[in-house]
$ cat final.cif   # mmCIF, C-alpha atoms and all ligand atoms
data_data
loop_
_atom_site.label_atom_id
_atom_site.label_comp_id
_atom_site.auth_asym_id
_atom_site.auth_seq_id
_atom_site.Cartn_x
_atom_site.Cartn_y
_atom_site.Cartn_z
CA MET A 281 76.23 126.25 94.00
CA GLN A 282 77.78 125.93 97.43
CA ASN A 283 79.23 122.49 97.91
CA VAL A 284 78.63 120.51 101.07
CA ALA A 285 82.31 119.62 100.95
CA ALA A 286 83.18 123.20 101.78
CA PHE A 287 81.76 122.74 105.26
CA PHE A 288 82.02 119.10 106.19
CA ASN A 289 84.74 116.51 106.23
CA THR A 290 83.26 114.29 103.54
CA ALA A 291 84.77 112.04 100.92
CA GLU A 292 84.08 114.83 98.44
CA LYS A 293 86.24 117.17 100.51
CA LEU A 294 88.99 114.58 100.47
CA LYS A 295 88.66 114.52 96.70
CA GLN A 296 88.62 118.29 96.25
CA GLU A 297 91.34 119.23 98.71
CA ILE A 298 93.71 116.31 98.56
CA ILE A 299 93.22 113.81 95.76
CA SER A 300 92.44 116.13 92.83
CA PRO A 301 95.30 118.60 93.54
CA GLY A 302 97.69 115.63 93.62
CA LEU A 303 98.40 115.82 97.34
CA CYS A 304 97.42 112.22 98.14
CA SER A 305 100.43 110.33 99.51
CA GLY A 306 98.98 106.94 98.55
CA CYS A 307 99.06 105.62 102.11
CA GLY A 308 95.77 103.73 101.64
CA ALA A 309 94.30 104.71 105.02
CA CYS A 310 91.03 106.05 103.58
CA THR A 311 90.17 102.90 101.64
CA GLY A 312 88.94 99.57 102.89
CA TYR A 313 85.87 100.51 104.91
CA CYS A 314 84.09 103.03 102.73
CA PRO A 315 82.38 101.74 99.57
CA TYR A 316 82.88 105.15 97.94
CA ILE A 317 86.67 105.29 98.10
CA LYS A 318 88.68 102.81 96.08
CA SER A 319 92.32 102.19 95.37
CA TYR A 320 93.29 101.43 91.80
CA GLY A 321 96.82 100.19 92.15
CA GLU A 322 98.62 103.17 93.65
CA ARG A 323 95.88 105.68 92.79
CA ILE A 324 93.06 106.47 95.21
CA GLY A 325 89.69 107.60 93.86
CA VAL A 326 86.41 108.82 95.37
CA VAL A 327 83.69 107.19 93.27
CA HIS A 328 80.70 108.77 95.03
CA ASP A 329 80.16 111.48 97.63
CA CYS A 330 78.45 110.63 100.89
CA ARG A 331 76.51 112.57 103.48
CA ILE A 332 78.60 111.63 106.49
CA THR A 333 79.62 115.05 107.73
CA GLU A 334 82.61 113.94 109.82
CA GLY A 335 84.04 111.24 107.58
CA VAL A 336 86.73 108.99 109.01
CA CYS A 337 88.42 109.18 105.60
CA TYR A 338 89.19 112.87 106.02
CA ARG A 339 89.98 112.61 109.72
CA ILE A 340 92.74 110.03 109.24
CA CYS A 341 94.26 111.40 106.04
CA PRO A 342 97.90 112.43 106.67
CA ARG A 343 97.54 115.31 104.21
CA ALA A 344 94.37 116.69 105.82
CA ALA A 345 94.85 119.20 108.66
CA THR A 346 97.43 117.67 110.97
CA LYS A 347 98.08 119.02 114.44
CA TYR A 348 101.50 117.54 115.10
CA ASP A 349 101.60 118.65 118.72
CA ASP A 350 98.41 116.71 119.46
CA LEU A 351 99.68 113.56 117.76
CA ARG A 352 103.03 113.87 119.56
CA LYS A 353 101.27 114.31 122.90
CA ASP A 354 99.12 111.24 122.28
CA THR A 355 102.20 109.23 121.30
CA PHE A 356 104.90 110.47 123.66
CA GLY A 357 103.09 112.35 126.45
CA SER A 358 104.96 115.46 127.47
CA ALA A 359 108.46 114.08 126.86
CA ALA A 360 111.02 116.57 125.56
CA ARG A 361 111.61 116.53 121.84
CA ASP A 362 114.39 117.35 119.42
CA LEU A 363 112.86 119.76 116.90
CA VAL A 364 114.75 118.14 114.02
CA LEU A 365 114.79 114.41 114.84
CA GLY A 366 111.56 114.28 116.87
CA ASN A 367 111.10 112.36 120.12
CA PHE A 368 113.69 109.67 120.48
CA ALA A 369 115.24 107.46 123.12
CA GLY A 370 118.28 106.17 121.23
CA ILE A 371 119.96 106.25 117.83
CA TYR A 372 122.13 103.38 116.62
CA PHE A 373 123.70 101.54 113.76
CA ALA A 374 121.92 98.17 113.57
CA ARG A 375 121.74 95.04 111.44
CA ALA A 376 120.06 91.64 111.41
CA CYS A 377 122.17 88.86 112.94
CA ASP A 378 120.65 86.16 110.72
CA GLU A 379 122.83 86.09 107.59
CA SER A 380 119.98 85.26 105.23
CA ILE A 381 117.77 88.09 106.54
CA HIS A 382 120.72 90.46 106.35
CA GLY A 383 121.30 89.35 102.77
CA MET A 384 117.75 89.88 101.60
CA GLY A 385 117.26 93.22 103.40
CA GLN A 386 117.60 96.55 101.67
CA TYR A 387 120.54 97.43 103.94
CA GLY A 388 121.00 95.70 107.31
CA GLY A 389 117.64 93.88 107.17
CA VAL A 390 116.65 95.39 110.53
CA VAL A 391 113.02 95.96 109.56
CA THR A 392 112.61 92.36 108.44
CA ALA A 393 114.43 90.96 111.48
CA LEU A 394 112.39 93.07 113.92
CA SER A 395 109.13 92.17 112.15
CA VAL A 396 109.92 88.45 112.39
CA PHE A 397 110.88 88.90 116.05
CA ALA A 398 107.72 90.91 116.86
CA LEU A 399 105.58 88.19 115.27
CA LYS A 400 107.41 85.37 117.06
CA THR A 401 107.09 87.05 120.45
CA GLY A 402 103.42 87.97 120.01
CA ILE A 403 103.90 91.75 119.91
CA ILE A 404 102.03 91.59 116.62
CA ASP A 405 99.92 88.84 115.03
CA CYS A 406 100.29 90.26 111.52
CA ALA A 407 101.82 93.27 109.78
CA LEU A 408 100.68 95.48 106.92
CA MET A 409 103.68 95.46 104.62
CA THR A 410 104.79 96.02 101.04
CA GLY A 411 105.58 93.04 98.86
CA GLY A 412 106.21 92.77 95.13
CA ASP A 413 109.35 94.45 93.86
CA PHE A 414 110.50 97.79 92.43
CA THR A 415 108.70 97.03 89.16
CA GLY A 416 105.40 96.64 91.05
CA ALA A 417 104.90 97.22 94.78
CA LYS A 418 102.02 95.36 96.40
CA PRO A 419 100.26 95.80 99.77
CA VAL A 420 100.35 92.61 101.84
CA VAL A 421 99.08 91.36 105.19
CA SER A 422 101.97 89.23 106.47
CA ALA A 423 101.00 86.74 109.15
CA ASP A 424 103.89 84.31 109.09
CA LYS A 425 107.66 84.43 108.80
CA GLU A 426 107.73 83.50 105.11
CA GLU A 427 105.32 86.31 104.25
CA ILE A 428 107.48 88.81 106.13
CA LEU A 429 110.64 87.62 104.41
CA ALA A 430 108.95 87.95 101.03
CA CYS A 431 108.49 91.69 101.70
CA ALA A 432 112.19 92.43 102.31
CA GLY A 433 113.69 95.16 100.15
CA SER A 434 112.57 98.72 99.37
CA LYS A 435 110.13 99.51 96.62
CA PHE A 436 110.25 103.22 96.01
CA ASN A 437 106.65 103.68 94.93
CA ALA A 438 103.79 104.50 97.28
CA SER A 439 102.20 101.18 98.01
CA PRO A 440 98.85 101.82 99.79
CA SER A 441 99.31 99.09 102.40
CA LEU A 442 97.00 100.71 104.98
CA SER A 443 94.14 99.82 102.61
CA LEU A 444 94.42 96.27 104.00
CA PHE A 445 93.79 97.27 107.60
CA GLN A 446 90.10 96.38 107.46
CA ASP A 447 90.93 93.05 105.81
CA ALA A 448 93.21 92.28 108.74
CA VAL A 449 90.51 93.34 111.23
CA LYS A 450 87.90 91.18 109.46
CA LYS A 451 90.28 88.22 109.59
CA GLY A 452 90.32 88.61 113.37
CA PHE A 453 93.86 89.92 113.88
CA GLN A 454 94.06 91.77 117.20
CA ASN A 455 97.60 93.17 117.22
CA ILE A 456 98.28 94.58 113.82
CA GLY A 457 101.72 95.96 113.02
CA ILE A 458 102.55 98.49 110.32
CA ILE A 459 105.75 98.93 108.39
CA GLY A 460 105.28 102.20 106.61
CA ARG A 461 106.51 105.41 105.12
CA PRO A 462 106.17 108.53 107.31
CA CYS A 463 102.79 109.45 105.80
CA GLN A 464 101.53 105.98 106.71
CA VAL A 465 102.85 106.35 110.23
CA THR A 466 100.99 109.66 110.64
CA ALA A 467 97.81 108.10 109.26
CA ALA A 468 98.24 105.12 111.59
CA ARG A 469 98.48 107.40 114.64
CA LYS A 470 95.28 109.12 113.52
CA MET A 471 93.62 105.72 112.90
CA GLN A 472 94.50 104.54 116.41
CA GLN A 473 92.11 107.17 117.76
CA VAL A 474 89.11 106.02 115.75
CA ALA A 475 87.08 103.34 117.53
CA GLU A 476 84.60 102.92 114.60
CA ILE A 477 87.36 101.36 112.51
CA LYS A 478 88.93 99.45 115.43
CA GLY A 479 92.03 101.61 115.22
CA GLU A 480 93.12 100.43 118.66
CA ARG A 481 94.16 97.17 117.02
CA LEU A 482 97.17 98.91 115.48
CA SER A 483 99.64 97.75 118.06
CA PHE A 484 103.09 98.49 116.65
CA ILE A 485 104.23 101.09 114.14
CA ALA A 486 107.64 100.83 112.49
CA GLY A 487 108.45 103.79 110.28
CA LEU A 488 110.92 104.11 107.43
CA PHE A 489 113.06 107.14 106.69
CA CYS A 490 111.69 108.57 103.44
CA MET A 491 112.66 111.61 101.39
CA GLY A 492 109.96 110.84 98.83
CA SER A 493 108.27 108.09 96.86
CA PHE A 494 107.51 107.80 93.14
CA SER A 495 104.27 108.21 91.25
CA PRO A 496 102.81 105.27 89.27
CA GLU A 497 104.37 106.73 86.08
CA PHE A 498 107.76 105.64 87.39
CA TYR A 499 106.87 102.04 86.49
CA GLN A 500 106.69 103.11 82.85
CA PHE A 501 110.17 104.64 83.13
CA ILE A 502 111.45 101.30 84.47
CA LYS A 503 109.77 99.50 81.59
CA ASP A 504 110.94 101.91 78.91
CA LYS A 505 114.55 101.72 80.10
CA GLY A 506 114.45 97.91 80.41
CA LEU A 507 115.36 98.03 84.11
CA GLY A 508 113.06 95.21 85.18
CA LYS A 509 115.89 92.71 84.63
CA TYR A 510 117.76 93.99 87.70
CA GLU A 511 117.20 92.54 91.16
CA LYS A 512 117.49 95.62 93.32
CA MET A 513 116.98 99.36 93.22
CA ASP A 514 118.54 101.86 95.58
CA ILE A 515 119.11 105.62 95.82
CA PRO A 516 122.52 106.18 97.42
CA GLY A 517 122.68 109.59 95.70
CA ASP A 518 122.21 108.53 92.09
CA VAL A 519 119.53 105.95 91.34
CA LYS A 520 121.07 102.52 91.10
CA PHE A 521 119.67 99.29 89.62
CA SER A 522 121.78 96.22 90.31
CA SER A 523 122.08 92.46 90.08
CA GLU A 524 124.94 90.28 91.23
CA ASN A 525 127.12 90.97 88.20
CA GLU A 526 125.85 94.18 86.67
CA GLU A 527 124.46 97.54 87.56
CA THR A 528 123.35 100.77 85.94
CA CYS A 529 122.91 104.25 87.42
CA PHE A 530 120.86 107.31 86.54
CA PRO A 531 121.44 110.82 87.87
CA TYR A 532 118.73 111.60 90.41
CA ASP A 533 117.72 114.61 88.32
CA GLU A 534 116.61 112.27 85.57
CA ILE A 535 113.91 110.76 87.75
CA ARG A 536 113.07 113.74 89.95
CA GLU A 537 109.89 114.41 87.93
CA TYR A 538 108.42 111.12 89.19
CA ILE A 539 108.48 112.13 92.87
CA ARG A 540 104.89 112.36 94.07
CA LYS A 541 103.68 115.91 94.60
CA ALA A 542 102.41 114.82 98.03
CA CYS A 543 105.99 114.06 99.05
CA LEU A 544 107.13 117.60 98.31
CA ILE A 545 105.01 118.81 101.23
CA CYS A 546 106.06 116.05 103.63
CA TYR A 547 107.51 117.52 106.81
CA ASP A 548 108.48 114.20 108.36
CA PRO A 549 111.36 112.40 106.61
CA LEU A 550 112.16 110.25 109.69
CA SER A 551 108.73 108.86 110.65
CA GLU A 552 108.76 110.82 113.89
CA LEU A 553 105.52 109.39 115.23
CA ALA A 554 106.58 105.75 114.91
CA ASP A 555 107.50 103.40 117.75
CA LEU A 556 110.85 103.13 116.01
CA SER A 557 112.29 104.41 112.73
CA VAL A 558 114.73 102.76 110.34
CA GLY A 559 116.76 104.14 107.46
CA SER A 560 120.09 103.82 105.73
CA THR A 561 123.34 104.96 107.34
CA GLU A 562 124.46 106.74 104.14
CA SER A 563 127.94 105.41 104.89
CA ASP A 564 127.87 101.63 105.38
CA TYR A 565 125.12 99.97 103.38
CA GLY A 566 125.35 96.71 105.37
CA TRP A 567 123.89 98.53 108.37
CA ASN A 568 120.79 100.58 109.14
CA THR A 569 120.25 103.69 111.20
CA LEU A 570 117.76 102.75 113.92
CA ILE A 571 115.97 105.31 116.07
CA THR A 572 113.98 104.11 119.07
CA ARG A 573 111.17 106.44 120.03
CA THR A 574 108.42 105.04 122.29
CA VAL A 575 108.65 102.74 125.32
CA LYS A 576 107.30 99.96 123.08
CA GLY A 577 109.98 100.62 120.49
CA VAL A 578 112.77 100.64 123.08
CA LYS A 579 111.53 97.37 124.59
CA LEU A 580 111.27 95.61 121.23
CA VAL A 581 114.83 96.59 120.33
CA GLU A 582 116.21 95.61 123.76
CA ASP A 583 114.53 92.22 123.54
CA ALA A 584 115.58 91.69 119.91
CA VAL A 585 119.19 92.48 120.80
CA ALA A 586 119.09 90.20 123.87
CA SER A 587 117.71 87.31 121.83
CA GLY A 588 120.19 87.79 118.99
CA ALA A 589 117.71 88.91 116.32
CA ILE A 590 119.59 92.15 115.67
CA GLU A 591 122.86 93.71 116.78
CA ILE A 592 123.37 97.40 117.46
CA LYS A 593 126.37 99.66 117.88
CA GLU A 594 126.88 103.30 118.68
CA TYR A 595 125.80 105.85 116.08
CA PRO A 596 128.97 107.69 115.04
CA ASP A 597 129.07 111.20 116.49
CA GLU A 598 130.40 112.66 113.26
CA LEU A 599 127.31 111.52 111.27
CA LEU A 600 124.70 113.16 113.48
CA PRO A 601 125.24 116.72 112.20
CA MET A 602 124.84 115.47 108.61
CA LEU A 603 121.61 113.63 109.39
CA LYS A 604 120.26 116.64 111.24
CA LYS A 605 121.22 119.00 108.44
CA ALA A 606 119.45 116.88 105.80
CA VAL A 607 116.29 116.73 107.91
CA PHE A 608 116.45 120.41 108.86
CA ASN A 609 116.76 121.42 105.21
CA LYS A 610 113.85 119.19 104.16
CA LYS A 611 111.60 120.63 106.88
CA LYS A 612 112.60 124.18 106.00
CA ARG A 613 111.90 123.61 102.30
CA VAL A 614 108.45 122.27 103.12
CA LEU A 615 107.57 125.14 105.46
CA GLU A 616 108.49 127.59 102.70
CA ARG A 617 105.96 126.04 100.33
CA PRO A 618 102.58 127.77 100.04
CA ASP A 619 100.82 124.45 99.41
CA ALA A 620 101.89 122.83 102.71
CA THR A 621 98.72 124.11 104.32
CA TYR A 622 97.82 120.89 106.12
CA LEU A 623 100.64 121.43 108.63
CA GLU A 624 99.45 122.87 111.92
CA LEU A 625 102.62 123.64 113.88
CA ASN A 626 103.21 125.89 116.84
CA ASP A 627 104.91 129.25 116.19
CA GLN A 628 108.10 128.27 118.01
CA GLU A 629 108.59 125.29 115.73
CA ARG A 630 107.99 127.30 112.55
CA GLU A 631 110.31 130.00 113.76
CA TYR A 632 113.05 127.45 114.45
CA PHE A 633 113.16 126.45 110.79
CA LEU A 634 112.23 129.71 109.12
CA GLY A 635 113.59 132.28 111.53
CA ALA A 636 116.78 134.26 111.57
CA GLY A 637 119.76 132.20 110.52
CA GLY A 638 117.50 129.33 109.56
CA GLU A 639 120.33 126.87 109.44
CA GLU A 640 121.11 123.76 111.48
C1 LIG A 701 109.74 105.21 99.19
C2 LIG A 701 110.89 105.03 100.12
C3 LIG A 701 111.83 106.07 100.27
C4 LIG A 701 112.90 105.93 101.16
N1 LIG A 701 113.79 106.96 101.29
C5 LIG A 701 114.81 106.85 102.16
C6 LIG A 701 115.74 107.92 102.34
O1 LIG A 701 115.64 108.97 101.70
N2 LIG A 701 116.75 107.77 103.24
C7 LIG A 701 116.88 106.61 103.97
O2 LIG A 701 117.82 106.51 104.78
N3 LIG A 701 116.01 105.60 103.83
C8 LIG A 701 114.98 105.67 102.95
N4 LIG A 701 114.09 104.65 102.83
C9 LIG A 701 114.17 103.50 103.73
C10 LIG A 701 115.12 102.43 103.23
O3 LIG A 701 114.98 102.25 101.83
C11 LIG A 701 114.85 101.09 103.93
O4 LIG A 701 113.49 100.75 103.79
C12 LIG A 701 115.14 101.13 105.40
O5 LIG A 701 116.44 101.58 105.62
C13 LIG A 701 114.99 99.74 106.03
O6 LIG A 701 116.03 98.94 105.56
P1 LIG A 701 116.09 97.41 105.95
O7 LIG A 701 117.36 96.84 105.41
O8 LIG A 701 115.83 97.27 107.40
O9 LIG A 701 114.84 96.90 105.14
P2 LIG A 701 114.25 95.46 104.90
O10 LIG A 701 114.58 94.55 106.02
O11 LIG A 701 114.59 95.06 103.52
O12 LIG A 701 112.68 95.75 104.97
C14 LIG A 701 112.08 96.64 104.09
C15 LIG A 701 110.67 96.86 104.59
O13 LIG A 701 110.17 98.01 103.91
C16 LIG A 701 108.83 97.79 103.55
N5 LIG A 701 108.61 98.54 102.31
C17 LIG A 701 109.21 98.34 101.12
N6 LIG A 701 108.79 99.23 100.24
C18 LIG A 701 107.89 100.00 100.86
C19 LIG A 701 107.06 101.09 100.45
N7 LIG A 701 107.08 101.59 99.22
N8 LIG A 701 106.23 101.63 101.37
C20 LIG A 701 106.17 101.15 102.63
N9 LIG A 701 106.93 100.12 103.07
C21 LIG A 701 107.77 99.57 102.19
C22 LIG A 701 108.67 96.29 103.36
O14 LIG A 701 107.37 95.92 103.78
C23 LIG A 701 109.73 95.71 104.28
O15 LIG A 701 109.15 95.32 105.49
C24 LIG A 701 113.03 104.75 101.91
C25 LIG A 701 112.10 103.71 101.77
C26 LIG A 701 111.03 103.84 100.88
C27 LIG A 701 110.04 102.73 100.76
#

$ encode --input "final.cif" --output "structure tokens"
Amino acid sequence: MQNVAAFFNTAEKLKQEIISPGLCSGCGACTGYCPYIKSYGERIGVVHDCRITEGVCYRICPRAATKYDDLRKDTFGSAARDLVLGNFAGIYFARACDESIHGMGQYGGVVTALSVFALKTGIIDCALMTGGDFTGAKPVVSADKEEILACAGSKFNASPSLSLFQDAVKKGFQNIGIIGRPCQVTAARKMQQVAEIKGERLSFIAGLFCMGSFSPEFYQFIKDKGLGKYEKMDIPGDVKFSSENEETCFPYDEIREYIRKACLICYDPLSELADLSVGSTESDYGWNTLITRTVKGVKLVEDAVASGAIEIKEYPDELLPMLKKAVFNKKKRVLERPDATYLELNDQEREYFLGAGGEE
């Protein structure tokens, strides 16, 4: 029997091509407006096929066919681009000026400080964020300062926070911000183009650096090892769980099996399509690396610096080759994988990573 999913972009096709083979990144974009697609914690399931031949669910999925050049053009126009780091205006070390925000942040608290600032200045009227903690991440619509503060800190699972977009729309929010992993940033750029779901209400996209997130089974590992008693988790090489007076570490290899399969084919560790991207510095954990990308992102950072919400300093020249090498290697690894078929890149870009030499 020939399946309709072979020809049309239906929920069934999403199921067959992306969810069933384990390639779903858990971004949550496809849930929330379709009664046939549900999220069960961090798992997404298609409960019924439909007969909509050009389903929004498939169109906005970051693991369905993705023409990066088109998304870049829509986001940045024809601006020149660094093949490794993506389009960017500036790269800095940054941290929150407010001591308490700095203290609760994963590193410098820049994401939290900028989110609070964006809300206060009306750039956004709410943000789709990730609350809970590393023993249980939870999608949240944050519409006041306290709700944003409660989301500080990284949870390394794939919280499907985009699943709350329709909730935010129904509540009447007009300028919805997103704090997301790179897959969520890609989905958000696709969503912005879909009028049926009011995608134009996504007004600011802050992306995290991300080399991979964990599958739901990782929560069992945390439980089995009794790690829930710690306050914070981080991955500065090894995997570290810490509280004020104690910490324990595991070699990364011990938890590698929990990395989501969808993350192994992710070509975008720096959230290249975001208005701005934030990660660690890998050298001073009281600061973040901050990359400004769009005009909106540059303006938000300039205003936040001027008003004393964050401080920035020059990104050290000697760190740039290391950052670029890590990203280059990740992109190369992904392009070498036969299952990274969703990536539609131009030949020049492929050649840059896979061609002769193939080293940054
Ligand atoms: C799964 C994952 C993998 C990461 N991998 C890397 C990496 O390899 N290298 C690197 O430099 N940085 C990585 N990061 C980013 C890093 O952990 C910090 O989130 C980032 O540096 C911002 O720090 P901050 O101090 O500004 O964050 P904070 O001010 O503490 O804010 C953290 C923000 O992250 C959001 N958030 C938390 N968990 C998630 C989640 N699971 N999904 C989406 N949003 C979330 C919260 O909503 C909050 O707004 C990763 C983050 C995640 C979630």

$ atom_distance --input "final.cif" --atom1 "atom CA of Val336 of chain A" --atom2 "atom CA of Leu303 of chain A"
17.9 Å

$ residues_near_ligand --input "final.cif" --ligand "ligand LIG 701 (chain A)" --cutoff "7 Å" --atoms "all atoms listed in the file" --output "VMD selection string"
chain A and resid 384 to 393 409 to 411 417 428 431 to 439 459 to 461 488 to 494 558 to 562 568

$ atom_distance --input "final.cif" --atom1 "atom CA of Glu552 of chain A" --atom2 "atom CA of Asp362 of chain A"
10.2 Å

$ closest_residue --input "final.cif" --among "A:Asp349, A:Glu497, A:Asp627, A:Glu511" --to "Ile535 of chain A" --atoms "only C-alpha atoms"
A:Glu497

$ atom_distance --input "final.cif" --atom1 "atom CA of Pro301 of chain A" --atom2 "atom CA of Gly479 of chain A"
27.7 Å

$ axis_aligned_box --input "final.cif" --around "segment 429-438 of chain A" --padding-each-side "8 Å" --output "JSON"
{"center_x": 108.7, "center_y": 96.1, "center_z": 99.7, "size_x": 25.9, "size_y": 32.9, "size_z": 25.5}

$ closest_residue --input "final.cif" --among "A:Thr415, A:Lys605, A:Pro596, A:Glu616" --to "Phe521 of chain A" --atoms "only C-alpha atoms"
A:Thr415

$ closest_residue --input "final.cif" --among "A:Lys593, A:Lys509, A:Lys293, A:Arg540" --to "Asn525 of chain A" --atoms "only C-alpha atoms"
A:Lys509

$ closest_residue --input "final.cif" --among "A:Phe397, A:Ser522, A:Ser319, A:Pro342" --to "Ala586 of chain A" --atoms "only C-alpha atoms"
A:Phe397

$ closest_residue --input "final.cif" --among "A:Gly370, A:Gly457, A:Gly383, A:Gly416" --to "Leu570 of chain A" --atoms "all atoms listed in the file"
A:Gly370

$ residues_around --input "final.cif" --residues "Glu594 of chain A" --least-positions-apart "3" --cutoff "8 Å" --atoms "all atoms listed in the file" --output "list in words"
Ile371, Tyr372 and Phe373 of chain A

$ closest_residue --input "final.cif" --among "A:Leu553, A:Ala345, A:Val420, A:Ala475" --to "Gly357 of chain A" --atoms "all atoms listed in the file"
A:Leu553
